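Q: Below you will find the structure I want to go over with you.
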2 protein chains.
Amino acid sequence: MEDRIHMKISDRISKAPLFNGLPAEQIEKLAQICLDQKFEKGRELFSEGNEAKGFYLVLGGKIKIYKLSLEGKEQILHIFGSGEIFGEVPVFAGGNYPASAAAIEQSRALFFPRISFIELVSSEPAIALNLLGILSKRLRRFTLLIEDLSLKEVPGRLAAYLIYLGQKSPGLQTLELEINRTQLASLLGTIPETVSRILAKMARQAVISVEGRKIRVLDRKALESLAAGGKGAI
Amino acid sequence: MEDRIHMKISDRISKAPLFNGLPAEQIEKLAQICLDQKFEKGRELFSEGNEAKGFYLVLGGKIKIYKLSLEGKEQILHIFGSGEIFGEVPVFAGGNYPASAAAIEQSRALFFPRISFIELVSSEPAIALNLLGILSKRLRRFTLLIEDLSLKEVPGRLAAYLIYLGQKSPGLQTLELEINRTQLASLLGTIPETVSRILAKMARQAVISVEGRKIRVLDRKALESLAAGGKGAI
DNA sequence: AACAATCCTTGACTTAGATCAAGAAATTTG
DNA sequence: CAAATTTCTTGATCTAAGTCAAGGATTGTT
């Protein structure tokens, strides 16, 4: 029995982009050092400022990474799904987690302790290069978020998010927001009321049609020009 | 003559955090593959979307990394000074530069072509680990900027920036903004007028005193509480 | 089915900060 | 040094979006 579970884990590990192109023995080693963890919806994995003991690889569910202001307002930095890693920043930069993490639905993740992982990376250039690629892409995504937050108004950010969702599952013309208005607002740096209002406005202008969390794009051109436009582009 | 210049370059390379702990032969190799470049004030090094052929190590001056909106409004992501690297994201993530770069004063930088550098990293885990550390720290800084942009109002961001400047040169109680109001505004995601107004307001409240680009912190506690406070904290 | 608990939408109001404008100060250039 | 250019400040106005509030729609629970 134990063997079967074990096999499965190393299988999952080998499929993560981070560990692409690693020889089987390395994967096996990784499977030995990691912990398999489950989190119910709402459960917090770590808080900003916690000492970082390692990082996570998501096997299932959704984990949000977020910041809280003193008054408790939340800005979601990213929502990670299956195959993605998070919490790796302090593994290399040292110190504490720069943001908090919580499961927004029932989730499963592998935890890799810091020290054993650093040893592995030092001896395995392939992992290091994969990691460099992942961190670089993440930097690029953050660059985009910063750009959006400072140069675009909320309608532009929302339009950009819809387009991003559309690219994630091409072909489909009805896209499914997999998160509620509050989470979406937090991801866009605004509040649920504003999200509702803007969705309603876009629907009134026949750019999209909205039905709960299902959104159909009616006028792609208009959506794109909204997303591209800076402030005052409406 | 050539030798002396050459010696100097490898010397400069060995002092950059990225190349810490590298053996002399590797430094020498790096010195061979890089190009020594000078840029007058205002000169653009690359534009967002340009194909990335390599990255830069600053030897002197100041380089800003920025994004432009359609209307030409600028958000500065960071200003790099001596010893820092930039433009390394697409070297590993592939593709194009995600932002633009320009010199805000006369500057000098070494350019490292992508391909030769990747080869070196693959064979040299020490460089890879240094790079992972640098990218991780940069991610953390971006995390902070995102937090500031979405959870703090402009006075809070400005206060945080002043504190950050103070930490860069401890001891001194007069700090020198090394950039003009426009650049500062762009860095904080606002406009010069707003920066002026907030500086004036802080001075009126005896939190700081302002004289051109020289700022003296009069009430550190007040400044810190401004920086810590979220929206509506004034 | 009926209840509670979220979640979503819409309206009235307020406000931080952007825009427009114009003069003062500082810096650069001939 | 004077002229020209750039940078900084301050005031008046405008607007995107946040706050407060309350009703309607969904979802889950016993």
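By order in the structure tokens, chains are A, B, ...; within a chain, residues start at 1; ligands start at 1, following the order shown.
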Using only C-alpha atoms (C1' of nucleotides), determine which residues lie at most 12 Å from DA1 in chain C, disregarding the query and same-chain residues fewer than 2 positions distant; provide the list as a ChimeraX atom specification.
A: /C:3 /D:29-30
Q: Please give the complete set of residues from range 57-117 of chain B that DSSP, run on the backbone, assigns to alpha helix (DSSP H), formatted as a list in words.
A: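 The residues of range 57-117 of chain B classed as alpha helix (DSSP H) are Val89, Pro90, Val91, Phe92, Ala93, Arg114, Ile115, Ser116 and Phe117 of chain B.
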Q: Where in range 9-233 of chain B does DSSP assign strand (DSSP E or B), given as number ranges by chain?
A: B: 35-39, 44-46, 51, 54-60, 63-68, 74-80, 85-86, 96, 100-103, 107-113, 174-176, 208-211, 214-217
Q: Using only C-alpha atoms, find the one residue out of A:Ser186, A:Gln32, A:Gln37, A:Ser69 that sits nearest to chain B.
A: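 Looking at the shortest contact to chain B, the residue is A:Ser69.
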Q: Using only C-alpha atoms (C1' of nucleotides) and a cut-off of 10 Å, which residues of chain D sit close to chain B? Please list them as number ranges by chain.
A: D: 7-10
Q: Set the cut-off to 12 Å and count only C-alpha atoms (C1' of nucleotides): what are the residues of chain B that reach chain C? Output as a list in words.
A: Lys152, Glu153, Val154, Pro155, Gly189, Thr190, Ile191, Pro192, Glu193, Thr194, Val195, Arg197, Ile198, Glu211, Gly212, Arg213, Lys231, Gly232 and Ile234 of chain B
Q: So the first atom is C1' of DC14 in chain D and the second is CA of Lys221 in chain A; what is the distance between them in Å, to one decimal place?
A: 29.5 Å
Q: Dump as a list in words the residues of chain A that approach chain B to within 6 Å, counting only C-alpha atoms.
A: Ser69, Leu70, Val89, Phe92, Ala93, Ser122, Pro125, Gly133, Ser136, Lys137, Ile146, Ser150, Gly189 and Gly230 of chain A
Q: Limited to N, CA and C atoms, could you put the picked residues into a file as a PDB file, in the first residue's frame?
A:
ATOM      1  N   SER A  69      -3.781  44.537   4.818  1.00  0.00           N
ATOM      2  CA  SER A  69      -3.464  45.842   5.393  1.00  0.00           C
ATOM      3  C   SER A  69      -3.830  45.804   6.868  1.00  0.00           C
ATOM      4  N   LEU A  70      -3.442  46.854   7.586  1.00  0.00           N
ATOM      5  CA  LEU A  70      -3.746  46.913   9.017  1.00  0.00           C
ATOM      6  C   LEU A  70      -5.243  46.771   9.286  1.00  0.00           C
ATOM      7  N   VAL A  89      10.359  31.945  -2.414  1.00  0.00           N
ATOM      8  CA  VAL A  89      11.188  33.150  -2.313  1.00  0.00           C
ATOM      9  C   VAL A  89      12.130  33.109  -1.103  1.00  0.00           C
ATOM     10  N   PHE A  92      15.469  31.025  -0.941  1.00  0.00           N
ATOM     11  CA  PHE A  92      16.727  31.514  -1.493  1.00  0.00           C
ATOM     12  C   PHE A  92      17.105  32.902  -0.973  1.00  0.00           C
ATOM     13  N   ALA A  93      16.101  33.731  -0.714  1.00  0.00           N
ATOM     14  CA  ALA A  93      16.405  35.074  -0.229  1.00  0.00           C
ATOM     15  C   ALA A  93      16.649  35.046   1.277  1.00  0.00           C
ATOM     16  N   SER A 122      21.999  22.758  -5.351  1.00  0.00           N
ATOM     17  CA  SER A 122      23.422  23.045  -5.528  1.00  0.00           C
ATOM     18  C   SER A 122      24.100  21.998  -6.403  1.00  0.00           C
ATOM     19  N   PRO A 125      22.231  21.344 -11.647  1.00  0.00           N
ATOM     20  CA  PRO A 125      22.012  22.562 -12.420  1.00  0.00           C
ATOM     21  C   PRO A 125      20.668  22.592 -13.148  1.00  0.00           C
ATOM     22  N   GLY A 133      13.918  29.944 -14.435  1.00  0.00           N
ATOM     23  CA  GLY A 133      12.857  30.226 -15.405  1.00  0.00           C
ATOM     24  C   GLY A 133      11.552  30.553 -14.711  1.00  0.00           C
ATOM     25  N   SER A 136      11.712  33.917 -12.965  1.00  0.00           N
ATOM     26  CA  SER A 136      11.721  34.991 -13.954  1.00  0.00           C
ATOM     27  C   SER A 136      10.320  35.243 -14.481  1.00  0.00           C
ATOM     28  N   LYS A 137       9.585  34.151 -14.728  1.00  0.00           N
ATOM     29  CA  LYS A 137       8.217  34.320 -15.233  1.00  0.00           C
ATOM     30  C   LYS A 137       7.347  34.987 -14.184  1.00  0.00           C
ATOM     31  N   ILE A 146       1.891  45.190 -11.368  1.00  0.00           N
ATOM     32  CA  ILE A 146       2.275  46.541 -10.950  1.00  0.00           C
ATOM     33  C   ILE A 146       1.844  47.554 -11.997  1.00  0.00           C
ATOM     34  N   SER A 150      -0.984  50.498 -11.316  1.00  0.00           N
ATOM     35  CA  SER A 150      -0.650  51.916 -11.295  1.00  0.00           C
ATOM     36  C   SER A 150      -1.062  52.639 -12.563  1.00  0.00           C
ATOM     37  N   GLY A 189      -7.389  44.491  -6.923  1.00  0.00           N
ATOM     38  CA  GLY A 189      -7.092  45.666  -6.118  1.00  0.00           C
ATOM     39  C   GLY A 189      -8.282  46.591  -5.973  1.00  0.00           C
ATOM     40  N   GLY A 230      -5.091  52.815 -21.058  1.00  0.00           N
ATOM     41  CA  GLY A 230      -4.645  53.229 -19.732  1.00  0.00           C
ATOM     42  C   GLY A 230      -5.783  53.917 -19.020  1.00  0.00           C
TER      43      GLY A 230
END
Q: Please superimpose chain B on chain A using every C-alpha atom, paired by order, in a least-squares fit, and write the moved chain as a PDB file with C-alpha atoms, in the first residue's frame.
A:
ATOM      1  CA  MET B   1      -0.115   0.170  -0.041  1.00  0.00           C
ATOM      2  CA  GLU B   2       2.618   2.546   0.968  1.00  0.00           C
ATOM      3  CA  ASP B   3       4.451   1.854  -2.235  1.00  0.00           C
ATOM      4  CA  ARG B   4       1.476   2.732  -4.364  1.00  0.00           C
ATOM      5  CA  ILE B   5       0.995   6.080  -2.646  1.00  0.00           C
ATOM      6  CA  HIS B   6       4.698   6.663  -2.883  1.00  0.00           C
ATOM      7  CA  MET B   7       4.812   5.917  -6.607  1.00  0.00           C
ATOM      8  CA  LYS B   8       2.041   8.363  -7.135  1.00  0.00           C
ATOM      9  CA  ILE B   9       3.882  11.166  -5.363  1.00  0.00           C
ATOM     10  CA  SER B  10       7.042  10.807  -7.395  1.00  0.00           C
ATOM     11  CA  ASP B  11       4.826  10.698 -10.445  1.00  0.00           C
ATOM     12  CA  ARG B  12       3.216  13.982  -9.497  1.00  0.00           C
ATOM     13  CA  ILE B  13       6.615  15.518  -8.754  1.00  0.00           C
ATOM     14  CA  SER B  14       8.016  14.566 -12.124  1.00  0.00           C
ATOM     15  CA  LYS B  15       5.107  16.329 -13.832  1.00  0.00           C
ATOM     16  CA  ALA B  16       5.722  19.704 -12.174  1.00  0.00           C
ATOM     17  CA  PRO B  17       7.486  22.179 -14.495  1.00  0.00           C
ATOM     18  CA  LEU B  18      10.028  22.860 -11.765  1.00  0.00           C
ATOM     19  CA  PHE B  19      11.318  19.322 -11.912  1.00  0.00           C
ATOM     20  CA  ASN B  20      11.197  18.849 -15.659  1.00  0.00           C
ATOM     21  CA  GLY B  21      14.037  16.820 -17.095  1.00  0.00           C
ATOM     22  CA  LEU B  22      15.245  15.492 -13.781  1.00  0.00           C
ATOM     23  CA  PRO B  23      16.601  11.921 -13.647  1.00  0.00           C
ATOM     24  CA  ALA B  24      14.479   9.354 -11.830  1.00  0.00           C
ATOM     25  CA  GLU B  25      16.825   9.055  -8.852  1.00  0.00           C
ATOM     26  CA  GLN B  26      16.550  12.769  -8.146  1.00  0.00           C
ATOM     27  CA  ILE B  27      12.767  12.597  -8.332  1.00  0.00           C
ATOM     28  CA  GLU B  28      12.919   9.702  -5.937  1.00  0.00           C
ATOM     29  CA  LYS B  29      15.067  11.732  -3.548  1.00  0.00           C
ATOM     30  CA  LEU B  30      12.605  14.594  -3.742  1.00  0.00           C
ATOM     31  CA  ALA B  31       9.748  12.242  -2.953  1.00  0.00           C
ATOM     32  CA  GLN B  32      11.659  11.211   0.171  1.00  0.00           C
ATOM     33  CA  ILE B  33      12.212  14.699   1.523  1.00  0.00           C
ATOM     34  CA  CYS B  34       8.724  16.103   0.938  1.00  0.00           C
ATOM     35  CA  LEU B  35       5.605  15.998   3.091  1.00  0.00           C
ATOM     36  CA  ASP B  36       2.165  15.330   1.647  1.00  0.00           C
ATOM     37  CA  GLN B  37      -0.354  17.728   3.203  1.00  0.00           C
ATOM     38  CA  LYS B  38      -4.085  18.359   2.932  1.00  0.00           C
ATOM     39  CA  PHE B  39      -5.898  21.624   3.689  1.00  0.00           C
ATOM     40  CA  GLU B  40      -9.603  22.218   4.058  1.00  0.00           C
ATOM     41  CA  LYS B  41     -11.183  25.346   2.570  1.00  0.00           C
ATOM     42  CA  GLY B  42     -10.147  28.532   4.360  1.00  0.00           C
ATOM     43  CA  ARG B  43      -7.216  26.922   6.137  1.00  0.00           C
ATOM     44  CA  GLU B  44      -4.122  29.123   6.449  1.00  0.00           C
ATOM     45  CA  LEU B  45      -0.793  27.547   5.414  1.00  0.00           C
ATOM     46  CA  PHE B  46       1.405  30.354   6.679  1.00  0.00           C
ATOM     47  CA  SER B  47       1.244  34.039   7.578  1.00  0.00           C
ATOM     48  CA  GLU B  48       3.338  36.908   6.362  1.00  0.00           C
ATOM     49  CA  GLY B  49       6.390  37.176   8.597  1.00  0.00           C
ATOM     50  CA  ASN B  50       6.461  33.489   9.545  1.00  0.00           C
ATOM     51  CA  GLU B  51       9.869  31.891   9.418  1.00  0.00           C
ATOM     52  CA  ALA B  52      10.141  30.085   6.103  1.00  0.00           C
ATOM     53  CA  LYS B  53      11.002  26.443   6.518  1.00  0.00           C
ATOM     54  CA  GLY B  54      10.383  25.428   2.921  1.00  0.00           C
ATOM     55  CA  PHE B  55       8.135  25.754  -0.109  1.00  0.00           C
ATOM     56  CA  TYR B  56       5.044  24.043  -1.529  1.00  0.00           C
ATOM     57  CA  LEU B  57       4.049  22.258  -4.727  1.00  0.00           C
ATOM     58  CA  VAL B  58       0.268  22.225  -5.296  1.00  0.00           C
ATOM     59  CA  LEU B  59      -1.204  18.818  -6.151  1.00  0.00           C
ATOM     60  CA  GLY B  60      -4.850  19.867  -6.145  1.00  0.00           C
ATOM     61  CA  GLY B  61      -7.237  22.658  -5.176  1.00  0.00           C
ATOM     62  CA  LYS B  62      -6.417  26.354  -5.056  1.00  0.00           C
ATOM     63  CA  ILE B  63      -4.139  28.348  -2.773  1.00  0.00           C
ATOM     64  CA  LYS B  64      -4.231  32.115  -2.592  1.00  0.00           C
ATOM     65  CA  ILE B  65      -1.183  34.211  -1.742  1.00  0.00           C
ATOM     66  CA  TYR B  66      -2.224  37.508  -0.212  1.00  0.00           C
ATOM     67  CA  LYS B  67      -1.327  40.550   1.780  1.00  0.00           C
ATOM     68  CA  LEU B  68      -3.393  42.108   4.534  1.00  0.00           C
ATOM     69  CA  SER B  69      -3.467  45.789   5.433  1.00  0.00           C
ATOM     70  CA  LEU B  70      -3.768  46.866   9.056  1.00  0.00           C
ATOM     71  CA  GLU B  71      -7.514  47.243   8.652  1.00  0.00           C
ATOM     72  CA  GLY B  72      -7.728  43.727   7.302  1.00  0.00           C
ATOM     73  CA  LYS B  73      -8.201  44.604   3.656  1.00  0.00           C
ATOM     74  CA  GLU B  74      -6.756  41.913   1.441  1.00  0.00           C
ATOM     75  CA  GLN B  75      -4.816  42.071  -1.823  1.00  0.00           C
ATOM     76  CA  ILE B  76      -4.423  38.704  -3.523  1.00  0.00           C
ATOM     77  CA  LEU B  77      -1.078  38.431  -5.298  1.00  0.00           C
ATOM     78  CA  HIS B  78      -1.825  35.195  -7.045  1.00  0.00           C
ATOM     79  CA  ILE B  79      -3.913  32.050  -6.913  1.00  0.00           C
ATOM     80  CA  PHE B  80      -1.930  28.861  -7.443  1.00  0.00           C
ATOM     81  CA  GLY B  81      -3.350  25.656  -8.846  1.00  0.00           C
ATOM     82  CA  SER B  82      -2.144  22.147  -9.537  1.00  0.00           C
ATOM     83  CA  GLY B  83       1.488  21.761 -10.608  1.00  0.00           C
ATOM     84  CA  GLU B  84       2.556  25.228  -9.448  1.00  0.00           C
ATOM     85  CA  ILE B  85       4.963  26.069  -6.653  1.00  0.00           C
ATOM     86  CA  PHE B  86       4.839  28.864  -4.092  1.00  0.00           C
ATOM     87  CA  GLY B  87       6.681  30.008  -0.988  1.00  0.00           C
ATOM     88  CA  GLU B  88      10.055  29.474  -2.623  1.00  0.00           C
ATOM     89  CA  VAL B  89      11.183  33.108  -2.316  1.00  0.00           C
ATOM     90  CA  PRO B  90      12.502  32.916   1.269  1.00  0.00           C
ATOM     91  CA  VAL B  91      14.129  29.582   0.549  1.00  0.00           C
ATOM     92  CA  PHE B  92      16.739  31.492  -1.446  1.00  0.00           C
ATOM     93  CA  ALA B  93      16.419  35.063  -0.196  1.00  0.00           C
ATOM     94  CA  GLY B  94      16.447  33.818   3.399  1.00  0.00           C
ATOM     95  CA  GLY B  95      14.230  35.011   6.195  1.00  0.00           C
ATOM     96  CA  ASN B  96      10.467  35.026   6.336  1.00  0.00           C
ATOM     97  CA  TYR B  97       7.488  34.620   4.075  1.00  0.00           C
ATOM     98  CA  PRO B  98       6.705  38.005   2.482  1.00  0.00           C
ATOM     99  CA  ALA B  99       2.979  37.243   2.201  1.00  0.00           C
ATOM    100  CA  SER B 100       0.366  34.875   3.609  1.00  0.00           C
ATOM    101  CA  ALA B 101      -1.107  31.737   2.074  1.00  0.00           C
ATOM    102  CA  ALA B 102      -4.502  30.082   2.520  1.00  0.00           C
ATOM    103  CA  ALA B 103      -6.563  27.439   0.744  1.00  0.00           C
ATOM    104  CA  ILE B 104      -9.631  28.854  -1.017  1.00  0.00           C
ATOM    105  CA  GLU B 105     -10.963  25.361  -1.572  1.00  0.00           C
ATOM    106  CA  GLN B 106     -10.011  21.913  -0.324  1.00  0.00           C
ATOM    107  CA  SER B 107      -6.405  21.462  -1.442  1.00  0.00           C
ATOM    108  CA  ARG B 108      -3.442  19.153  -1.378  1.00  0.00           C
ATOM    109  CA  ALA B 109       0.211  20.157  -1.542  1.00  0.00           C
ATOM    110  CA  LEU B 110       3.691  18.756  -1.080  1.00  0.00           C
ATOM    111  CA  PHE B 111       5.955  20.603   1.333  1.00  0.00           C
ATOM    112  CA  PHE B 112       9.708  20.655   0.592  1.00  0.00           C
ATOM    113  CA  PRO B 113      11.916  21.550   3.566  1.00  0.00           C
ATOM    114  CA  ARG B 114      14.373  24.291   2.827  1.00  0.00           C
ATOM    115  CA  ILE B 115      17.682  22.744   3.747  1.00  0.00           C
ATOM    116  CA  SER B 116      17.386  19.438   1.970  1.00  0.00           C
ATOM    117  CA  PHE B 117      16.159  21.268  -1.085  1.00  0.00           C
ATOM    118  CA  ILE B 118      19.057  23.720  -1.181  1.00  0.00           C
ATOM    119  CA  GLU B 119      21.473  20.803  -1.056  1.00  0.00           C
ATOM    120  CA  LEU B 120      19.777  19.225  -4.017  1.00  0.00           C
ATOM    121  CA  VAL B 121      19.797  22.427  -6.063  1.00  0.00           C
ATOM    122  CA  SER B 122      23.497  22.984  -5.412  1.00  0.00           C
ATOM    123  CA  SER B 123      24.333  19.659  -6.952  1.00  0.00           C
ATOM    124  CA  GLU B 124      21.784  19.744  -9.763  1.00  0.00           C
ATOM    125  CA  PRO B 125      22.102  22.604 -12.285  1.00  0.00           C
ATOM    126  CA  ALA B 126      18.993  21.456 -14.195  1.00  0.00           C
ATOM    127  CA  ILE B 127      16.761  22.210 -11.200  1.00  0.00           C
ATOM    128  CA  ALA B 128      18.478  25.555 -10.743  1.00  0.00           C
ATOM    129  CA  LEU B 129      17.815  26.544 -14.351  1.00  0.00           C
ATOM    130  CA  ASN B 130      14.182  25.461 -14.148  1.00  0.00           C
ATOM    131  CA  LEU B 131      13.794  27.460 -10.980  1.00  0.00           C
ATOM    132  CA  LEU B 132      15.417  30.508 -12.550  1.00  0.00           C
ATOM    133  CA  GLY B 133      12.919  30.239 -15.380  1.00  0.00           C
ATOM    134  CA  ILE B 134       9.970  29.984 -12.993  1.00  0.00           C
ATOM    135  CA  LEU B 135      11.098  32.910 -10.858  1.00  0.00           C
ATOM    136  CA  SER B 136      11.740  34.994 -13.952  1.00  0.00           C
ATOM    137  CA  LYS B 137       8.254  34.313 -15.254  1.00  0.00           C
ATOM    138  CA  ARG B 138       6.813  35.198 -11.902  1.00  0.00           C
ATOM    139  CA  LEU B 139       8.756  38.463 -11.930  1.00  0.00           C
ATOM    140  CA  ARG B 140       7.284  39.197 -15.309  1.00  0.00           C
ATOM    141  CA  ARG B 141       3.771  38.529 -14.044  1.00  0.00           C
ATOM    142  CA  PHE B 142       4.356  40.829 -11.085  1.00  0.00           C
ATOM    143  CA  THR B 143       5.658  43.449 -13.481  1.00  0.00           C
ATOM    144  CA  LEU B 144       2.355  43.228 -15.309  1.00  0.00           C
ATOM    145  CA  LEU B 145       0.358  43.461 -12.093  1.00  0.00           C
ATOM    146  CA  ILE B 146       2.294  46.541 -11.005  1.00  0.00           C
ATOM    147  CA  GLU B 147       1.701  48.074 -14.404  1.00  0.00           C
ATOM    148  CA  ASP B 148      -2.001  47.330 -14.168  1.00  0.00           C
ATOM    149  CA  LEU B 149      -2.366  48.658 -10.651  1.00  0.00           C
ATOM    150  CA  SER B 150      -0.620  51.920 -11.350  1.00  0.00           C
ATOM    151  CA  LEU B 151      -1.395  52.640 -14.977  1.00  0.00           C
ATOM    152  CA  LYS B 152      -4.815  51.116 -15.530  1.00  0.00           C
ATOM    153  CA  GLU B 153      -8.151  51.787 -13.976  1.00  0.00           C
ATOM    154  CA  VAL B 154     -10.363  49.037 -12.676  1.00  0.00           C
ATOM    155  CA  PRO B 155     -12.321  48.373 -15.920  1.00  0.00           C
ATOM    156  CA  GLY B 156      -9.012  47.902 -17.753  1.00  0.00           C
ATOM    157  CA  ARG B 157      -7.761  45.481 -15.123  1.00  0.00           C
ATOM    158  CA  LEU B 158     -10.983  43.506 -15.195  1.00  0.00           C
ATOM    159  CA  ALA B 159     -10.924  43.334 -19.001  1.00  0.00           C
ATOM    160  CA  ALA B 160      -7.297  42.169 -18.881  1.00  0.00           C
ATOM    161  CA  TYR B 161      -8.243  39.485 -16.386  1.00  0.00           C
ATOM    162  CA  LEU B 162     -11.099  38.218 -18.573  1.00  0.00           C
ATOM    163  CA  ILE B 163      -8.761  38.019 -21.552  1.00  0.00           C
ATOM    164  CA  TYR B 164      -6.227  36.161 -19.444  1.00  0.00           C
ATOM    165  CA  LEU B 165      -8.923  33.684 -18.393  1.00  0.00           C
ATOM    166  CA  GLY B 166      -9.910  33.248 -22.025  1.00  0.00           C
ATOM    167  CA  GLN B 167      -6.345  32.378 -22.962  1.00  0.00           C
ATOM    168  CA  LYS B 168      -6.166  29.769 -20.220  1.00  0.00           C
ATOM    169  CA  SER B 169      -8.961  27.767 -21.848  1.00  0.00           C
ATOM    170  CA  PRO B 170      -9.094  28.654 -25.558  1.00  0.00           C
ATOM    171  CA  GLY B 171     -11.988  27.528 -27.711  1.00  0.00           C
ATOM    172  CA  LEU B 172     -14.635  28.060 -25.057  1.00  0.00           C
ATOM    173  CA  GLN B 173     -16.494  31.298 -25.504  1.00  0.00           C
ATOM    174  CA  THR B 174     -18.188  31.092 -22.115  1.00  0.00           C
ATOM    175  CA  LEU B 175     -15.666  31.562 -19.391  1.00  0.00           C
ATOM    176  CA  GLU B 176     -16.093  30.552 -15.817  1.00  0.00           C
ATOM    177  CA  LEU B 177     -14.808  32.805 -13.042  1.00  0.00           C
ATOM    178  CA  GLU B 178     -13.722  30.169 -10.599  1.00  0.00           C
ATOM    179  CA  ILE B 179     -13.693  32.632  -7.729  1.00  0.00           C
ATOM    180  CA  ASN B 180     -16.323  34.839  -6.126  1.00  0.00           C
ATOM    181  CA  ARG B 181     -16.648  38.615  -6.512  1.00  0.00           C
ATOM    182  CA  THR B 182     -14.765  39.300  -3.303  1.00  0.00           C
ATOM    183  CA  GLN B 183     -11.726  37.264  -4.351  1.00  0.00           C
ATOM    184  CA  LEU B 184     -11.842  38.744  -7.825  1.00  0.00           C
ATOM    185  CA  ALA B 185     -12.008  42.253  -6.389  1.00  0.00           C
ATOM    186  CA  SER B 186      -9.049  41.505  -4.139  1.00  0.00           C
ATOM    187  CA  LEU B 187      -7.080  40.172  -7.094  1.00  0.00           C
ATOM    188  CA  LEU B 188      -7.795  43.357  -9.057  1.00  0.00           C
ATOM    189  CA  GLY B 189      -7.075  45.693  -6.168  1.00  0.00           C
ATOM    190  CA  THR B 190     -10.629  46.898  -5.700  1.00  0.00           C
ATOM    191  CA  ILE B 191     -13.868  46.005  -3.855  1.00  0.00           C
ATOM    192  CA  PRO B 192     -16.763  43.647  -4.753  1.00  0.00           C
ATOM    193  CA  GLU B 193     -19.245  46.484  -5.349  1.00  0.00           C
ATOM    194  CA  THR B 194     -16.989  48.007  -7.981  1.00  0.00           C
ATOM    195  CA  VAL B 195     -16.552  44.641  -9.719  1.00  0.00           C
ATOM    196  CA  SER B 196     -20.337  44.205  -9.868  1.00  0.00           C
ATOM    197  CA  ARG B 197     -20.862  47.687 -11.222  1.00  0.00           C
ATOM    198  CA  ILE B 198     -18.256  47.320 -13.940  1.00  0.00           C
ATOM    199  CA  LEU B 199     -19.519  43.901 -14.995  1.00  0.00           C
ATOM    200  CA  ALA B 200     -23.025  45.384 -15.201  1.00  0.00           C
ATOM    201  CA  LYS B 201     -21.743  48.322 -17.228  1.00  0.00           C
ATOM    202  CA  MET B 202     -19.857  46.077 -19.664  1.00  0.00           C
ATOM    203  CA  ALA B 203     -23.010  44.003 -20.061  1.00  0.00           C
ATOM    204  CA  ARG B 204     -25.090  47.147 -20.691  1.00  0.00           C
ATOM    205  CA  GLN B 205     -22.628  48.072 -23.434  1.00  0.00           C
ATOM    206  CA  ALA B 206     -22.925  44.559 -24.891  1.00  0.00           C
ATOM    207  CA  VAL B 207     -19.216  43.817 -24.400  1.00  0.00           C
ATOM    208  CA  ILE B 208     -19.980  40.736 -22.313  1.00  0.00           C
ATOM    209  CA  SER B 209     -22.981  38.960 -20.875  1.00  0.00           C
ATOM    210  CA  VAL B 210     -22.950  37.883 -17.257  1.00  0.00           C
ATOM    211  CA  GLU B 211     -24.779  35.062 -15.538  1.00  0.00           C
ATOM    212  CA  GLY B 212     -23.437  34.465 -12.071  1.00  0.00           C
ATOM    213  CA  ARG B 213     -19.868  33.295 -12.511  1.00  0.00           C
ATOM    214  CA  LYS B 214     -20.323  32.501 -16.187  1.00  0.00           C
ATOM    215  CA  ILE B 215     -19.252  35.205 -18.581  1.00  0.00           C
ATOM    216  CA  ARG B 216     -19.673  35.252 -22.324  1.00  0.00           C
ATOM    217  CA  VAL B 217     -17.544  37.590 -24.377  1.00  0.00           C
ATOM    218  CA  LEU B 218     -19.726  39.317 -26.987  1.00  0.00           C
ATOM    219  CA  ASP B 219     -17.329  41.943 -28.301  1.00  0.00           C
ATOM    220  CA  ARG B 220     -13.736  40.819 -28.078  1.00  0.00           C
ATOM    221  CA  LYS B 221     -12.372  43.927 -29.799  1.00  0.00           C
ATOM    222  CA  ALA B 222     -14.033  46.214 -27.260  1.00  0.00           C
ATOM    223  CA  LEU B 223     -12.730  44.096 -24.410  1.00  0.00           C
ATOM    224  CA  GLU B 224      -9.216  44.225 -25.794  1.00  0.00           C
ATOM    225  CA  SER B 225      -9.278  47.960 -26.236  1.00  0.00           C
ATOM    226  CA  LEU B 226     -10.475  48.308 -22.649  1.00  0.00           C
ATOM    227  CA  ALA B 227      -7.645  46.100 -21.446  1.00  0.00           C
ATOM    228  CA  ALA B 228      -5.056  47.936 -23.512  1.00  0.00           C
ATOM    229  CA  GLY B 229      -6.242  51.410 -22.648  1.00  0.00           C
ATOM    230  CA  GLY B 230      -4.629  53.242 -19.796  1.00  0.00           C
ATOM    231  CA  LYS B 231      -6.450  55.523 -17.409  1.00  0.00           C
ATOM    232  CA  GLY B 232      -9.422  57.379 -18.762  1.00  0.00           C
ATOM    233  CA  ALA B 233      -9.859  54.943 -21.631  1.00  0.00           C
ATOM    234  CA  ILE B 234     -13.577  54.344 -21.107  1.00  0.00           C
TER     235      ILE B 234
END
